[in-house]
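What follows is a single structure, written as structure tokens, with notes after it.
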Amino acid sequence: MKHILYLACLLGAFHTAPAQKLLKLSLEQAIDMANDSSLSAYRYRNQYLSGYWAYRTYKANRLPSLTLNLTPAKYYRYITQRYDSEADKDVYREQQMFNAYGELAIRQNFDLTGGTFYINTDLEYMKNFGDTHSTQYSSVPLQIGYSQDLLGYNPFKWDKKIEPLKYEKAQKQFIYNMEAVSETVVNYFFSLAMAQAEYRLAQDNVASTDTLYRIGKERHKIAVISKADLLTLQLDVVNAQNSLKNAQMSVRRASSSLASFLNLDKNTEIDLELPDLPLRMEISAEAALAKAKENNPILLMQKQNILEAEQSVDRTRRESRFNASINASIGFNQVSDKLKDAYRNPLQQDLVSVSVSIPLIDWGVAKGKYNMARNELNVVRSEAKQEEVSLEEDVIMTVNDFNVQRNLIASAQEALDLALLAYEQTRQRFIIGKADVNSLTLSLNRQQEAQKNYISALQNYWLSYYKIRKLTLFDFASGRSLANKLNQKIAFFR
């Protein structure tokens with residue numbers, strides 16, 4: 001445990017101005033803060049909410065709609081052509097008219113056929129101010145009908161396939177993005193940890209080189225070391241001071257980057273706590289692949305793209321043919337110069353209309369659109385296959401890297417223990433004159449390199465761990481799906 005105590009010293013709090021705030025932060029706490037308060041998390045939450053409300057809109061469109069259409073006032077004044085029977089000729093006369101209209105309608109889309117059922121009632125008022133003054137009320141107490149394209153494109157059928165898939169993708173994309181935030185935090189966290197470790201090493205190096213230089217001067221006076229060795233020790237002092245300044249700037253940059261990402265006050269000083277050694281855990285590449293194919297939003301996006309391309313092919317194919325539509329309704333209507341009489345003894349109103357549209361000559365426009373859509377579908381299918389292959393490769397490589405990282409951490413830990421011990425012994429031997437400057441410098445460099453390798457090994461382990469979570473949306477440590485993470489957060493921000 002010697003290296004753990006040493007790291008605790010290396011990553012201890014710095015002496016700062018009173019205006020700064022000290023925050024002790026572990027990796028787990030940093031990830032929780034980023035998922036809760038970072039600007040990236042805020043953006044991803046709103047992206048999810050956009051998909052959520054789009055799905056809510058789709059579901060609402062499947063329900064009956066009640067609409068009130070009103071034209072409260074409409075005034076016409078114009079010149080119109082009329083026949084004068086007394087003079088036996090056409091004349092132009094001024095015409096004025098006031099009109100008001102109201103309709104209450106219920107609509108219900110029918111997904112299976114693509115048609116629409118409707119029920120409506122309306123009332124219209126008209127008053128003429130021309131040569132002949134008149135007032136009329138026209139009412140439709142009730143009208144029930146159905147309309148649809150008989151051979152045309154059915155958008156409702158495709159919406160039923162695509163919209164639920166889009167919402168599922170939005171949910172899993174949110175989890176994917178939040179795991180990407182965790183990955184980013186790991187990078188910022190260990191960048192600061194490395195900078196703080198190098199800063200403490202630089203501080204120790206300044207103190208050590210200064211002490212060794214003073215010892216070297218005394219030993220040079222009695223001709224125990226050469227002038228060249230003394231100059232080397234003096235150069236080490238200058239280099240150590242320069243390294244300390246550079247390390248201090250690196251700490252400031254790394255701390256500012258982490259604080260900014262976590263949306264913290266810029267004056268916050270962060271004191272990191274390195275994570276403990278991870279538990280030994282092996283992840284099966286086959287299990288990770290299965291979870292990735294089940295959950296990864298990239299594959300859902302490709303599935304959505306294929307459905308939308310197939311939708312485009314279906315639409316262009318049907319639009320290239322002749323089309324027929326039908327509109328049938330039955331109801332009642334009446335007209336009168338008095339409002340109450342407009343609802344008395346209504347007459348039956350029937351409507352059946354069939355419309356046919358037959359493209360005769362379009363110079364290949366429809367055929368061209370259809371071929372373009374079909375070729376685009378082939379492209380999308382190829383891209384989807386390539387994305388699946390790339391995802392499989394990424395999952396396998398990441399899992400393999402993860403499974404060896406635990407052993408690398410153990411090796412880096414052992415190397416750090418040996419480097420610390422070797423440097424301390426070499427330093428003591430130099431003080432008593434049994435080691436030269438080159439041996440001391442080489443031992444110090446090995447110690448610093450071992451320190452960096454240990455922190456890098458921890459960083460690579462946790463990066464691999466959170467990347468696997470991101471690719472599979474599954475936590476293999478607990479054996480639970482990350483969908484629970486979404487369910488917990490939805491109630492909080494929706």
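Chain labels A, B, ... are given in the sequence in which chains occur in the structure tokens; within each chain residues are numbered consecutively from 1, and ligands are likewise numbered from 1 in the order shown.
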task = Just the residues within 9 Å of Leu408 in chain A, please, counting only C-alpha atoms, with nothing from its chain fewer than 3 positions along; format it as a list in words.
result =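 These residues fall inside the cut-off: Val404, Gln405, Ser411, Ala412, Gln413, Tyr454, Ala457, Leu458 and Tyr461 of chain A.
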Mind dumping the selected residues with N, CA and C atoms as a compact mmCIF listing (two decimals), in the first residue's frame?
# COMPACT_ATOMS: atom_id res chain seq x y z
N VAL A 404 -7.76 -6.88 -20.39
CA VAL A 404 -6.33 -6.91 -20.05
C VAL A 404 -5.92 -5.70 -19.20
N GLN A 405 -6.79 -4.70 -19.11
CA GLN A 405 -6.42 -3.49 -18.38
C GLN A 405 -6.22 -3.76 -16.89
N SER A 411 0.40 -4.55 -12.90
CA SER A 411 1.80 -4.43 -13.29
C SER A 411 2.33 -3.02 -13.05
N ALA A 412 1.49 -2.03 -13.38
CA ALA A 412 1.90 -0.65 -13.16
C ALA A 412 2.07 -0.35 -11.68
N GLN A 413 1.23 -0.93 -10.86
CA GLN A 413 1.33 -0.78 -9.41
C GLN A 413 2.65 -1.36 -8.90
N TYR A 454 1.12 4.40 -14.03
CA TYR A 454 0.07 3.91 -13.14
C TYR A 454 -1.23 4.69 -13.34
N ALA A 457 -2.75 3.76 -16.64
CA ALA A 457 -3.41 2.45 -16.60
C ALA A 457 -4.80 2.56 -15.98
N LEU A 458 -4.92 3.33 -14.89
CA LEU A 458 -6.24 3.55 -14.30
C LEU A 458 -7.17 4.25 -15.29
N TYR A 461 -8.36 1.86 -18.03
CA TYR A 461 -9.33 0.89 -17.51
C TYR A 461 -10.72 1.51 -17.46
Taking a cut-off of 7 Å and counting only C-alpha atoms, can you build a table that, for each residue of range 36-84 of chain A near range 260-268 of chain A, reports the nearest atom pair and how far apart they are in Å (one decimal), sorted by chain then residue number, as CSV?
residue,atom,partner,partner_atom,distance
A:Ser37,CA,A:Asn263,CA,6.4
A:Ser38,CA,A:Leu262,CA,4.9
A:Leu39,CA,A:Asn263,CA,7.0
Restricted to C-alpha atoms, what would the selected residues look like written as a PDB file, in the first residue's frame?
ATOM      1  CA  SER A  37     -25.264  19.620 -14.004  1.00  0.00           C
ATOM      2  CA  SER A  38     -23.042  19.797 -17.075  1.00  0.00           C
ATOM      3  CA  LEU A  39     -24.094  21.717 -20.163  1.00  0.00           C
TER       4      LEU A  39
END
query = With only C-alpha atoms as the basis for distance, which of A:Gln447, A:Ser138, A:Gln47, A:Asn35 is at the shortest distance from Asp337 in chain A?
reply = A:Ser138
inquiry  = Using only C-alpha atoms, which protein or nucleic acid residues come within 9 Å of range 298-301 of chain A? Drop anything in the same chain fewer than 3 positions from it, and give the result as a PyMOL selection string.
reply    = chain A and resi 165-166+168-169+172-173+292-295+304-306+384+387-388+391
Please produce an output containing N, CA and C atoms for each residue in the selection, written as a PDB file, in the first residue's frame.
ATOM      1  N   LEU A 165     -40.351   3.425 -33.291  1.00  0.00           N
ATOM      2  CA  LEU A 165     -38.918   3.148 -33.393  1.00  0.00           C
ATOM      3  C   LEU A 165     -38.100   4.412 -33.116  1.00  0.00           C
ATOM      4  N   LYS A 166     -38.562   5.548 -33.614  1.00  0.00           N
ATOM      5  CA  LYS A 166     -37.862   6.810 -33.377  1.00  0.00           C
ATOM      6  C   LYS A 166     -37.839   7.143 -31.888  1.00  0.00           C
ATOM      7  N   GLU A 168     -38.041   4.938 -29.381  1.00  0.00           N
ATOM      8  CA  GLU A 168     -37.118   4.002 -28.737  1.00  0.00           C
ATOM      9  C   GLU A 168     -35.673   4.437 -28.964  1.00  0.00           C
ATOM     10  N   LYS A 169     -35.387   4.907 -30.178  1.00  0.00           N
ATOM     11  CA  LYS A 169     -34.034   5.383 -30.467  1.00  0.00           C
ATOM     12  C   LYS A 169     -33.705   6.620 -29.626  1.00  0.00           C
ATOM     13  N   LYS A 172     -32.794   5.459 -26.080  1.00  0.00           N
ATOM     14  CA  LYS A 172     -31.486   4.822 -25.977  1.00  0.00           C
ATOM     15  C   LYS A 172     -30.365   5.770 -26.380  1.00  0.00           C
ATOM     16  N   GLN A 173     -30.665   6.720 -27.258  1.00  0.00           N
ATOM     17  CA  GLN A 173     -29.669   7.721 -27.604  1.00  0.00           C
ATOM     18  C   GLN A 173     -29.341   8.594 -26.399  1.00  0.00           C
ATOM     19  N   ALA A 292     -25.126  -5.056 -27.419  1.00  0.00           N
ATOM     20  CA  ALA A 292     -24.959  -3.938 -28.345  1.00  0.00           C
ATOM     21  C   ALA A 292     -25.976  -4.008 -29.479  1.00  0.00           C
ATOM     22  N   LYS A 293     -26.194  -5.210 -30.023  1.00  0.00           N
ATOM     23  CA  LYS A 293     -27.168  -5.364 -31.103  1.00  0.00           C
ATOM     24  C   LYS A 293     -28.593  -5.125 -30.611  1.00  0.00           C
ATOM     25  N   GLU A 294     -28.808  -5.372 -29.345  1.00  0.00           N
ATOM     26  CA  GLU A 294     -30.136  -5.184 -28.771  1.00  0.00           C
ATOM     27  C   GLU A 294     -30.411  -3.716 -28.422  1.00  0.00           C
ATOM     28  N   ASN A 295     -29.380  -2.997 -27.987  1.00  0.00           N
ATOM     29  CA  ASN A 295     -29.614  -1.679 -27.392  1.00  0.00           C
ATOM     30  C   ASN A 295     -28.975  -0.501 -28.118  1.00  0.00           C
ATOM     31  N   GLN A 304     -34.142   2.753 -38.632  1.00  0.00           N
ATOM     32  CA  GLN A 304     -35.049   3.857 -38.964  1.00  0.00           C
ATOM     33  C   GLN A 304     -34.781   4.366 -40.370  1.00  0.00           C
ATOM     34  N   ASN A 305     -33.502   4.516 -40.720  1.00  0.00           N
ATOM     35  CA  ASN A 305     -33.155   5.000 -42.063  1.00  0.00           C
ATOM     36  C   ASN A 305     -33.663   4.048 -43.139  1.00  0.00           C
ATOM     37  N   ILE A 306     -33.572   2.741 -42.882  1.00  0.00           N
ATOM     38  CA  ILE A 306     -34.067   1.771 -43.860  1.00  0.00           C
ATOM     39  C   ILE A 306     -35.577   1.891 -44.016  1.00  0.00           C
ATOM     40  N   ALA A 384     -26.048   0.585 -43.421  1.00  0.00           N
ATOM     41  CA  ALA A 384     -26.465  -0.086 -42.187  1.00  0.00           C
ATOM     42  C   ALA A 384     -25.604  -1.318 -41.917  1.00  0.00           C
ATOM     43  N   GLU A 387     -22.205  -0.128 -40.753  1.00  0.00           N
ATOM     44  CA  GLU A 387     -22.275   0.353 -39.369  1.00  0.00           C
ATOM     45  C   GLU A 387     -22.306  -0.816 -38.384  1.00  0.00           C
ATOM     46  N   GLU A 388     -23.033  -1.861 -38.752  1.00  0.00           N
ATOM     47  CA  GLU A 388     -23.112  -3.031 -37.871  1.00  0.00           C
ATOM     48  C   GLU A 388     -21.753  -3.708 -37.738  1.00  0.00           C
ATOM     49  N   LEU A 391     -19.516  -1.507 -35.604  1.00  0.00           N
ATOM     50  CA  LEU A 391     -19.892  -1.605 -34.188  1.00  0.00           C
ATOM     51  C   LEU A 391     -19.380  -2.904 -33.584  1.00  0.00           C
TER      52      LEU A 391
END
query = In Å, with one decimal, what is the gap from CA of Ala288 in chain A to CA of Ser390 in chain A?
reply =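 About the pair CA of Ala288 in chain A and CA of Ser390 in chain A: they are 14.2 Å apart.
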task = Run DSSP on the backbone and give me the residues of range 67-201 of chain A it puts in strand (DSSP E), as a ChimeraX atom specification.
result = /A:67-84,89-110,115-129,133-149
message = List the spatial neighbours of range 81-97 of chain A as a ChimeraX atom specification - criterion: any atom at most 9 Å away, only C-alpha atoms, same-chain residues fewer than 3 positions off excluded.
response = /A:74-78,126-131
Generate the output file for the selected residues, N, CA and C atoms, as a PDB file, in the first residue's frame.
ATOM      1  N   LYS A  74     -67.279  38.169 -42.757  1.00  0.00           N
ATOM      2  CA  LYS A  74     -66.672  38.233 -44.079  1.00  0.00           C
ATOM      3  C   LYS A  74     -67.526  39.163 -44.940  1.00  0.00           C
ATOM      4  N   TYR A  75     -66.914  40.222 -45.465  1.00  0.00           N
ATOM      5  CA  TYR A  75     -67.661  41.240 -46.212  1.00  0.00           C
ATOM      6  C   TYR A  75     -67.125  41.294 -47.640  1.00  0.00           C
ATOM      7  N   TYR A  76     -68.071  41.256 -48.606  1.00  0.00           N
ATOM      8  CA  TYR A  76     -67.719  41.367 -50.024  1.00  0.00           C
ATOM      9  C   TYR A  76     -68.357  42.641 -50.597  1.00  0.00           C
ATOM     10  N   ARG A  77     -67.597  43.322 -51.430  1.00  0.00           N
ATOM     11  CA  ARG A  77     -68.158  44.408 -52.241  1.00  0.00           C
ATOM     12  C   ARG A  77     -67.483  44.343 -53.603  1.00  0.00           C
ATOM     13  N   TYR A  78     -68.276  44.101 -54.641  1.00  0.00           N
ATOM     14  CA  TYR A  78     -67.684  43.870 -55.949  1.00  0.00           C
ATOM     15  C   TYR A  78     -68.715  44.181 -57.039  1.00  0.00           C
ATOM     16  N   MET A 126     -75.811  34.460 -44.403  1.00  0.00           N
ATOM     17  CA  MET A 126     -75.474  35.290 -45.551  1.00  0.00           C
ATOM     18  C   MET A 126     -76.514  36.401 -45.682  1.00  0.00           C
ATOM     19  N   LYS A 127     -76.042  37.647 -45.907  1.00  0.00           N
ATOM     20  CA  LYS A 127     -76.936  38.795 -46.083  1.00  0.00           C
ATOM     21  C   LYS A 127     -76.452  39.588 -47.281  1.00  0.00           C
ATOM     22  N   ASN A 128     -77.362  39.817 -48.260  1.00  0.00           N
ATOM     23  CA  ASN A 128     -77.061  40.596 -49.460  1.00  0.00           C
ATOM     24  C   ASN A 128     -77.551  42.032 -49.292  1.00  0.00           C
ATOM     25  N   PHE A 129     -76.746  43.007 -49.833  1.00  0.00           N
ATOM     26  CA  PHE A 129     -77.107  44.418 -49.775  1.00  0.00           C
ATOM     27  C   PHE A 129     -77.213  45.019 -51.168  1.00  0.00           C
ATOM     28  N   GLY A 130     -77.450  44.224 -52.162  1.00  0.00           N
ATOM     29  CA  GLY A 130     -77.527  44.741 -53.530  1.00  0.00           C
ATOM     30  C   GLY A 130     -78.896  45.298 -53.835  1.00  0.00           C
ATOM     31  N   ASP A 131     -79.288  45.177 -55.105  1.00  0.00           N
ATOM     32  CA  ASP A 131     -80.612  45.655 -55.510  1.00  0.00           C
ATOM     33  C   ASP A 131     -81.700  44.900 -54.754  1.00  0.00           C
TER      34      ASP A 131
END
request  = Considering only C-alpha atoms, state which residue in the set A:Leu463, A:Leu151, A:Ala254, A:Leu49 is at the smallest distance from Ala324 in chain A.
outcome  = A:Leu151
Contacts of Arg252 in chain A within 12 Å, only C-alpha atoms, excl. fewer than 4 positions in-chain, as a ChimeraX atom specification = /A:14,16,191-193,195-196,199,245-248,256-260,266-270
message = What's around Thr116 in chain A at 6 Å? Count only C-alpha atoms, leave out sequence neighbours fewer than 2 positions away in its own chain, and write the answer as a list of chain:residue names.
response = A:Gln108, A:Asn109, A:Phe110, A:Tyr146, A:Ser147
inquiry  = Measuring between only C-alpha atoms, which one of A:Trp53, A:Tyr58, A:Tyr48, A:Phe476 shows the shortest distance to Asn177 in chain A?
reply    =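 Closest to Asn177 in chain A of all the choices is A:Tyr48.
Atom to atom, CA of Arg45 in chain A and CA of Lys467 in chain A stand 19.8 Å apart.
With only C-alpha atoms as the atoms that count, the residue of A:Thr80, A:Ser250, A:Thr472, A:Thr232 with the shortest distance to Thr209 in chain A is A:Thr232.
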query = Looking only at the backbone, which of the residues in range 395-494 of chain A does DSSP tag as alpha helix (DSSP H), as a ChimeraX atom specification?
reply = /A:395-431,437-472,483-493
task = Can you work out the spacing between CA of Asn239 in chain A and CA of Gln203 in chain A in Å, to one decimal?
result =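 If I compute the distance from CA of Asn239 in chain A to CA of Gln203 in chain A, I get 11.9 Å.
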inquiry  = With only C-alpha atoms as the counted atoms, please give the residues lying no more than 9 Å from Lys452 in chain A, apart from itself and same-chain residues fewer than 3 positions off, as a list in words.
reply    =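 The neighbour list is Met194, Ala197, Glu198, Gln447, Gln448, Glu449, Ile455, Ser456 and Ala457 of chain A.
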Store the residues picked out above in a file with C-alpha atoms, as a compact mmCIF listing (two decimals), in the first residue's frame.
# COMPACT_ATOMS: atom_id res chain seq x y z
CA MET A 194 -1.81 13.40 -14.03
CA ALA A 197 0.87 14.19 -9.80
CA GLU A 198 3.44 15.85 -12.07
CA GLN A 447 10.11 6.87 -10.78
CA GLN A 448 8.31 9.65 -12.63
CA GLU A 449 7.58 7.38 -15.59
CA ILE A 455 -2.32 6.83 -13.61
CA SER A 456 -2.55 6.08 -17.35
CA ALA A 457 -3.41 2.45 -16.60
ask   = Given the choices A:Tyr118, A:Tyr137, A:Phe402, A:Tyr52, which gets closest to Asn327 in chain A if the distance is worked out from only C-alpha atoms?
value = A:Tyr118
Nearest to Glu376 in chain A, chosen from A:Leu277, A:Leu112, A:Leu418, A:Val313, with only C-alpha atoms counted in the distances =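 Between A:Leu277, A:Leu112, A:Leu418, A:Val313, the residue approaching Glu376 in chain A most closely is A:Val313.
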